[in-house]
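K.L.:
Enclosed is the structure file protein-v9.cif (mmCIF, C-alpha atoms).
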data_data
#
loop_
_atom_site.label_atom_id
_atom_site.label_comp_id
_atom_site.auth_asym_id
_atom_site.auth_seq_id
_atom_site.Cartn_x
_atom_site.Cartn_y
_atom_site.Cartn_z
CA MET A 1 -35.57 -6.79 43.65
CA THR A 2 -35.83 -10.46 42.77
CA THR A 3 -39.61 -10.13 42.87
CA ILE A 4 -39.39 -7.62 40.02
CA THR A 5 -36.73 -9.45 38.01
CA ARG A 6 -38.64 -12.72 38.20
CA ASN A 7 -41.79 -11.08 36.84
CA LEU A 8 -40.45 -9.17 33.88
CA PRO A 9 -42.61 -9.04 30.72
CA TRP A 10 -42.50 -12.21 28.67
CA PHE A 11 -40.80 -10.59 25.65
CA ILE A 12 -37.90 -9.39 27.84
CA ALA A 13 -37.56 -12.81 29.47
CA ASP A 14 -37.66 -14.57 26.09
CA LEU A 15 -35.07 -12.19 24.64
CA GLY A 16 -32.74 -12.64 27.62
CA THR A 17 -33.10 -16.40 27.49
CA ALA A 18 -32.40 -16.45 23.76
CA VAL A 19 -29.24 -14.38 24.20
CA ILE A 20 -27.57 -15.88 27.29
CA GLY A 21 -29.51 -19.11 27.80
CA LYS A 22 -32.01 -20.21 30.43
CA LYS A 23 -29.41 -21.09 33.06
CA CYS A 24 -27.52 -17.78 32.97
CA TYR A 25 -30.72 -15.74 32.63
CA SER A 26 -32.10 -17.38 35.74
CA SER A 27 -28.85 -16.88 37.64
CA LEU A 28 -28.01 -13.31 36.61
CA VAL A 29 -31.41 -11.74 36.04
CA GLU A 30 -33.98 -13.62 38.08
CA ASN A 31 -31.77 -14.38 41.09
CA LEU A 32 -29.35 -11.42 40.69
CA ASN A 33 -26.41 -13.72 41.36
CA ILE A 34 -23.58 -11.38 40.33
CA GLY A 35 -21.04 -13.80 41.77
CA ASP A 36 -21.63 -16.29 38.96
CA VAL A 37 -18.36 -15.64 37.12
CA GLU A 38 -18.97 -18.11 34.31
CA CYS A 39 -22.36 -16.63 33.47
CA LEU A 40 -20.98 -13.10 33.76
CA LYS A 41 -18.23 -13.90 31.25
CA TYR A 42 -20.73 -15.59 28.95
CA ALA A 43 -23.15 -12.65 29.15
CA LEU A 44 -20.32 -10.17 28.52
CA SER A 45 -19.18 -12.24 25.55
CA LYS A 46 -22.68 -12.33 24.12
CA GLY A 47 -23.11 -8.60 24.60
CA LEU A 48 -19.78 -7.84 22.92
CA GLY A 49 -20.53 -10.31 20.13
CA LEU A 50 -23.89 -8.73 19.32
CA GLY A 51 -22.31 -5.28 19.52
CA ILE A 52 -19.61 -6.33 17.05
CA VAL A 53 -22.22 -7.75 14.67
CA VAL A 54 -24.21 -4.50 14.78
CA GLY A 55 -21.04 -2.43 14.41
CA GLY A 56 -19.84 -4.62 11.56
CA SER A 57 -23.06 -3.98 9.67
CA ILE A 58 -22.10 -0.29 9.36
CA MET A 59 -18.30 -0.40 9.79
CA LYS A 60 -17.45 0.19 6.13
CA VAL A 61 -20.32 2.61 5.43
CA PRO A 62 -18.09 5.68 6.15
CA GLN A 63 -15.54 4.25 3.70
CA LEU A 64 -18.24 3.86 1.05
CA LEU A 65 -19.51 7.41 1.63
CA LEU A 66 -15.94 8.76 1.50
CA ILE A 67 -15.34 7.18 -1.91
CA LEU A 68 -18.69 8.35 -3.28
CA SER A 69 -18.30 11.92 -2.01
CA ALA A 70 -14.77 12.23 -3.41
CA GLN A 71 -15.65 10.35 -6.62
CA SER A 72 -12.30 8.68 -6.15
CA ALA A 73 -10.79 5.55 -4.62
CA ARG A 74 -7.28 7.03 -4.50
CA GLY A 75 -5.08 5.37 -1.91
CA LEU A 76 -7.11 2.15 -1.75
CA SER A 77 -5.42 -1.03 -2.94
CA LEU A 78 -7.55 -3.24 -5.19
CA PRO A 79 -5.61 -6.47 -4.40
CA ALA A 80 -5.85 -5.72 -0.68
CA ASN A 81 -9.62 -5.29 -0.83
CA VAL A 82 -10.12 -8.41 -2.93
CA LEU A 83 -8.10 -10.56 -0.51
CA GLU A 84 -9.75 -9.00 2.54
CA THR A 85 -13.20 -9.69 1.10
CA LEU A 86 -12.24 -13.30 0.41
CA SER A 87 -10.88 -13.61 3.97
CA TYR A 88 -14.18 -12.39 5.46
CA ALA A 89 -16.16 -14.74 3.20
CA ILE A 90 -14.05 -17.77 4.16
CA THR A 91 -14.39 -17.01 7.89
CA THR A 92 -18.17 -16.67 7.47
CA ALA A 93 -18.48 -19.97 5.61
CA TYR A 94 -16.16 -21.81 8.03
CA SER A 95 -18.01 -20.54 11.10
CA TYR A 96 -21.42 -21.29 9.62
CA ARG A 97 -20.38 -24.81 8.63
CA ASN A 98 -19.11 -25.48 12.19
CA ASP A 99 -22.38 -24.21 13.74
CA PHE A 100 -20.70 -21.43 15.70
CA PRO A 101 -23.08 -18.92 17.33
CA PHE A 102 -23.95 -16.11 14.91
CA SER A 103 -22.79 -13.58 17.50
CA THR A 104 -19.21 -14.88 17.05
CA TYR A 105 -18.97 -14.32 13.28
CA GLY A 106 -21.98 -12.35 12.05
CA GLU A 107 -20.02 -9.18 11.33
CA ASN A 108 -17.96 -11.06 8.73
CA LEU A 109 -21.09 -11.57 6.64
CA PHE A 110 -21.86 -7.84 6.62
CA LEU A 111 -18.22 -6.92 6.03
CA THR A 112 -18.11 -9.29 3.05
CA ILE A 113 -21.04 -7.47 1.47
CA GLN A 114 -19.63 -4.01 2.21
CA ASN A 115 -16.15 -4.92 1.01
CA THR A 116 -17.57 -6.28 -2.23
CA LEU A 117 -19.21 -2.90 -2.87
CA ILE A 118 -15.96 -1.08 -2.06
CA THR A 119 -14.05 -3.32 -4.47
CA LEU A 120 -16.54 -2.56 -7.24
CA LEU A 121 -16.19 1.17 -6.52
CA ILE A 122 -12.40 0.92 -6.77
CA ILE A 123 -12.87 -0.60 -10.22
CA TYR A 124 -15.49 2.02 -11.16
CA PHE A 125 -13.25 4.94 -10.13
CA PRO A 126 -9.92 4.05 -11.77
CA PRO A 127 -6.69 5.99 -11.15
CA SER A 128 -6.12 9.20 -13.13
CA SER A 129 -3.73 7.36 -15.45
CA ARG A 130 -6.60 5.18 -16.70
CA LYS A 131 -9.41 7.73 -16.70
CA GLY A 132 -11.50 7.80 -19.84
CA GLN A 133 -11.66 4.02 -20.08
CA ASP A 134 -15.04 2.34 -19.76
CA PRO A 135 -15.04 0.18 -16.57
CA THR A 136 -18.33 -1.60 -17.38
CA GLY A 137 -16.66 -4.77 -18.63
CA LYS A 138 -14.42 -5.02 -15.57
CA LEU A 139 -17.41 -4.43 -13.27
CA VAL A 140 -19.34 -7.27 -14.89
CA VAL A 141 -16.37 -9.65 -14.59
CA ALA A 142 -15.79 -8.67 -10.94
CA SER A 143 -19.48 -9.16 -10.08
CA LEU A 144 -19.56 -12.60 -11.68
CA ALA A 145 -16.33 -13.55 -9.90
CA ALA A 146 -17.80 -12.49 -6.55
CA LEU A 147 -20.96 -14.52 -7.18
CA ALA A 148 -18.97 -17.59 -8.27
CA SER A 149 -16.75 -17.33 -5.16
CA GLY A 150 -19.80 -17.25 -2.90
CA VAL A 151 -21.31 -20.34 -4.55
CA ALA A 152 -17.98 -22.19 -4.37
CA LEU A 153 -17.52 -21.46 -0.66
CA TYR A 154 -21.08 -22.57 0.08
CA ALA A 155 -20.51 -25.87 -1.74
CA MET A 156 -17.11 -26.64 -0.18
CA SER A 157 -16.66 -29.30 2.45
CA THR A 158 -15.79 -28.47 6.04
CA GLU A 159 -12.28 -29.87 5.60
CA SER A 160 -11.61 -27.68 2.56
CA LEU A 161 -12.85 -24.59 4.40
CA ALA A 162 -10.55 -25.43 7.31
CA LEU A 163 -7.59 -25.58 4.93
CA LEU A 164 -8.55 -22.23 3.41
CA GLN A 165 -8.90 -20.78 6.90
CA LEU A 166 -5.32 -21.83 7.61
CA ILE A 167 -4.04 -19.63 4.75
CA PRO A 168 -3.06 -16.27 6.29
CA LEU A 169 -5.20 -14.20 3.93
CA ALA A 170 -5.29 -11.42 6.53
CA LEU A 171 -1.53 -11.04 6.00
CA PHE A 172 -1.80 -11.00 2.21
CA SER A 173 -4.80 -8.66 2.29
CA LYS A 174 -3.26 -6.00 4.53
CA LEU A 175 0.32 -5.96 3.18
CA PRO A 176 -0.55 -4.38 -0.23
CA GLN A 177 -2.42 -1.56 1.53
CA ILE A 178 0.39 -1.05 4.06
CA MET A 179 3.01 -0.97 1.28
CA GLN A 180 0.93 1.43 -0.83
CA ASN A 181 0.52 3.80 2.13
CA ALA A 182 4.27 3.71 2.76
CA ARG A 183 5.10 4.48 -0.88
CA ALA A 184 2.62 7.36 -1.16
CA ARG A 185 3.30 8.71 2.36
CA SER A 186 -0.47 8.98 2.58
CA THR A 187 -3.51 6.85 3.39
CA GLY A 188 -5.62 8.46 0.65
CA GLN A 189 -9.35 7.74 0.99
CA LEU A 190 -8.81 5.11 3.70
CA SER A 191 -11.38 5.63 6.47
CA ALA A 192 -10.01 6.22 9.97
CA PHE A 193 -13.33 5.05 11.43
CA ALA A 194 -13.03 1.70 9.64
CA VAL A 195 -9.43 1.15 10.79
CA VAL A 196 -10.13 2.02 14.44
CA SER A 197 -13.30 -0.07 14.41
CA GLN A 198 -11.40 -3.07 13.09
CA ILE A 199 -8.78 -2.77 15.85
CA VAL A 200 -11.44 -2.59 18.57
CA GLY A 201 -13.46 -5.34 16.89
CA CYS A 202 -10.48 -7.71 16.75
CA LEU A 203 -9.78 -7.19 20.46
CA ALA A 204 -13.40 -7.85 21.40
CA ARG A 205 -13.69 -10.77 19.00
CA LEU A 206 -10.66 -12.50 20.55
CA PHE A 207 -12.48 -12.41 23.91
CA THR A 208 -15.75 -13.76 22.50
CA ILE A 209 -14.03 -16.57 20.59
CA ALA A 210 -12.04 -17.61 23.66
CA THR A 211 -15.23 -17.62 25.75
CA GLU A 212 -17.70 -19.25 23.37
CA VAL A 213 -15.78 -21.14 20.68
CA GLY A 214 -12.16 -21.80 21.57
CA ASP A 215 -11.19 -22.50 17.94
CA LEU A 216 -7.41 -22.06 17.53
CA ILE A 217 -7.62 -21.46 13.78
CA ILE A 218 -10.06 -18.57 14.16
CA THR A 219 -8.10 -17.19 17.13
CA ALA A 220 -4.82 -17.16 15.16
CA SER A 221 -6.44 -15.39 12.21
CA PHE A 222 -7.84 -12.64 14.45
CA VAL A 223 -4.49 -12.19 16.24
CA LEU A 224 -2.79 -11.66 12.87
CA ALA A 225 -5.55 -9.30 11.73
CA LEU A 226 -5.18 -7.31 14.96
CA VAL A 227 -1.44 -6.81 14.45
CA LEU A 228 -1.86 -5.67 10.84
CA ASN A 229 -4.77 -3.36 11.69
CA ILE A 230 -2.59 -1.74 14.36
CA VAL A 231 0.06 -1.12 11.69
CA LEU A 232 -2.58 0.58 9.52
CA GLY A 233 -3.67 2.64 12.51
CA VAL A 234 -0.09 3.80 13.11
CA GLN A 235 0.20 4.77 9.44
CA MET A 236 -3.00 6.80 9.65
CA TRP A 237 -1.58 8.66 12.65
CA ILE A 238 1.78 9.31 10.92
CA TYR A 239 0.31 10.39 7.57
CA TRP A 240 -2.71 12.26 8.96
CA GLY A 241 -3.52 15.32 6.83
CA LYS A 242 -1.27 14.26 3.93
CA ASP A 243 -3.08 13.57 0.67
CA GLY A 244 -0.05 12.16 -1.14
CA LYS A 245 -0.44 14.41 -4.20
CA ASP A 246 2.69 16.41 -3.48
CA ALA A 247 4.76 13.60 -2.01
CA TYR A 248 7.57 14.27 -4.46
CA SER A 249 8.08 17.74 -2.99
CA LYS A 250 8.57 16.41 0.51
CA ALA A 251 12.24 15.52 -0.07
CA PRO A 252 14.63 16.25 2.82
CA ILE A 253 16.66 19.46 2.79
CA GLY A 254 19.69 19.15 0.53
CA VAL A 255 18.16 16.30 -1.46
CA VAL A 256 16.83 17.07 -4.93
CA SER A 257 13.78 15.05 -5.89
CA GLU A 258 13.27 13.53 -9.34
CA LYS A 259 10.53 16.05 -10.07
CA GLU A 260 12.80 18.96 -9.24
CA LYS A 261 15.53 17.49 -11.46
CA GLU A 262 13.09 17.24 -14.38
CA ASP A 263 11.89 20.83 -13.86
CA TRP A 264 15.49 22.13 -13.70
CA VAL A 265 16.51 20.29 -16.90
CA SER A 266 13.38 21.52 -18.68
CA GLU A 267 14.05 25.12 -17.64
CA ARG A 268 17.70 24.97 -18.76
CA GLN A 269 16.69 23.47 -22.10
CA SER A 270 14.13 26.23 -22.69
CA ARG A 271 16.80 28.88 -22.02
CA VAL A 272 19.17 27.26 -24.48
CA ASP A 273 16.42 27.13 -27.11
CA VAL A 274 15.69 30.83 -26.64
CA VAL A 275 19.37 31.74 -27.06
CA VAL A 276 19.78 29.61 -30.16
CA THR A 277 16.62 30.72 -31.94
CA SER A 278 16.89 34.44 -31.11
CA PRO A 279 18.48 36.56 -33.90
CA VAL A 280 21.79 38.14 -32.96
CA PRO A 281 21.98 41.81 -34.05
CA ARG A 282 25.13 42.87 -35.81
CA HIS A 283 25.06 46.35 -34.32
CA THR A 284 23.69 47.45 -31.03
CA ALA A 285 22.23 50.90 -30.90
CA SER A 286 22.80 53.15 -27.96
CA PRO A 287 19.96 54.91 -26.19
CA THR A 288 20.89 58.10 -28.07
CA GLY A 289 20.70 56.45 -31.45
CA ARG A 290 24.48 56.38 -32.02
CA LYS A 291 26.25 53.22 -32.98
CA TRP A 292 29.18 52.11 -30.94
CA ALA A 293 32.17 51.21 -33.02
CA ARG A 294 35.44 49.79 -32.09
CA LYS A 295 38.14 52.47 -32.11
CA ILE A 296 41.05 51.69 -34.39
CA ASP A 297 44.28 53.39 -33.53
#
Output the structure of this file as structure tokens.
P.N.:
Amino acid sequence: MTTITRNLPWFIADLGTAVIGKKCYSSLVENLNIGDVECLKYALSKGLGLGIVVGGSIMKVPQLLLILSAQSARGLSLPANVLETLSYAITTAYSYRNDFPFSTYGENLFLTIQNTLITLLIIYFPPSSRKGQDPTGKLVVASLAALASGVALYAMSTESLALLQLIPLALFSKLPQIMQNARARSTGQLSAFAVVSQIVGCLARLFTIATEVGDLIITASFVLALVLNIVLGVQMWIYWGKDGKDAYSKAPIGVVSEKEKEDWVSERQSRVDVVVTSPVPRHTASPTGRKWARKID
């Protein structure tokens, strides 16, 4: 077998060397040394890292398609998406500035782009209470703000990026969405694929960072993101199939909701109005045409 593995086509050998390095390629591929634990861990980390980057490039596509097909961003929190986008952008800039391998942070670049589009769609499809308003001005402001943020992060020093990375933006970005889901008893247009992918991605990313980078700041941010993504996953499981439109009617037995109280008061008022406005006849005719009179003895 080693005769074959040592004479693989040049493009395969170059690709393998570029991914796992000359030493590990020679050990694992050319010499078939499966007992090399360090190289096995490194190769597994590289494979997972590249898989995460590829998955991250399409992770939010189902979310985008869901919003476009429904022509609605109901259930999605604008502050949560803004903070999450900023968190991805800061991680990308911090990792790039510290010369980390692209396989350890590349998905954050693609997620930043996708989240920016989702944020613009949330602005474009406002809630029903604000329908009819022209969102063009807000879209222009949001686009300029996104561009200015990107330029600012690119120009920042490594120390400033490290300080920003220390801010638990993952916490601030997920909490508004978690609270909104809890209030509505629904996850709205939130994509299950995106949530599950983020949970799996955080688990795999923790392994790749521990193997290739060992940065405590990045590790802590992914641990926090993992916990919050699990909370979102639990909410999706609990509220599965509930659209949140009739949440007010889901009150427990024996408890009257505010909506039911309003309907009851409105119905009673309409009955009173009918009684007051209806003319009261002085004499009531019998079916036979005779008038009933009170007998006087």
K.L.:
Do you know which residues are at most 8 Å from Leu76 in chain A counting only C-alpha atoms, after dropping those on the same chain fewer than 5 positions away, and could you put them as number ranges by chain?
P.N.:
A: 81, 122, 177, 187-190
K.L.:
Each residue of range 74-167 of chain A with at least one atom at most 10 Å from range 38-50 of chain A should appear once, together with its nearest atom pair and the corresponding distance in Å (one decimal); atoms considered: only C-alpha atoms; ordering: chain, then increasing residue number; output as CSV.
P.N.:
residue,atom,partner,partner_atom,distance
A:Pro101,CA,A:Gly49,CA,9.4
A:Phe102,CA,A:Gly49,CA,8.5
A:Ser103,CA,A:Gly49,CA,4.8
A:Thr104,CA,A:Gly49,CA,5.7
A:Tyr105,CA,A:Gly49,CA,8.1
A:Gly106,CA,A:Leu50,CA,8.3
A:Glu107,CA,A:Gly49,CA,8.9
K.L.:
Of the candidates A:Val61, A:Val141, A:Leu161, A:Met179, which one gets nearest to Gln235 in chain A if we count only C-alpha atoms?
P.N.:
A:Met179
K.L.:
Which residue gives the smallest distance to Ser221 in chain A among A:Ala170, A:Ala204, A:Ile12, A:Ile238, with only C-alpha atoms counted?
P.N.:
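Closest residue, counting only C-alpha atoms: A:Ala170.
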K.L.:
What does the structure give for the distance between CA of Ala142 in chain A and CA of Ala194 in chain A, in Å to one decimal?
P.N.:
23.2 Å
K.L.:
Under the rule that all atoms listed in the file are counted, which of A:Gln71, A:Ser173, A:Asn98, A:Asn31 is the nearest residue to Thr85 in chain A?
P.N.:
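Smallest separation from Thr85 in chain A among the options: A:Ser173.
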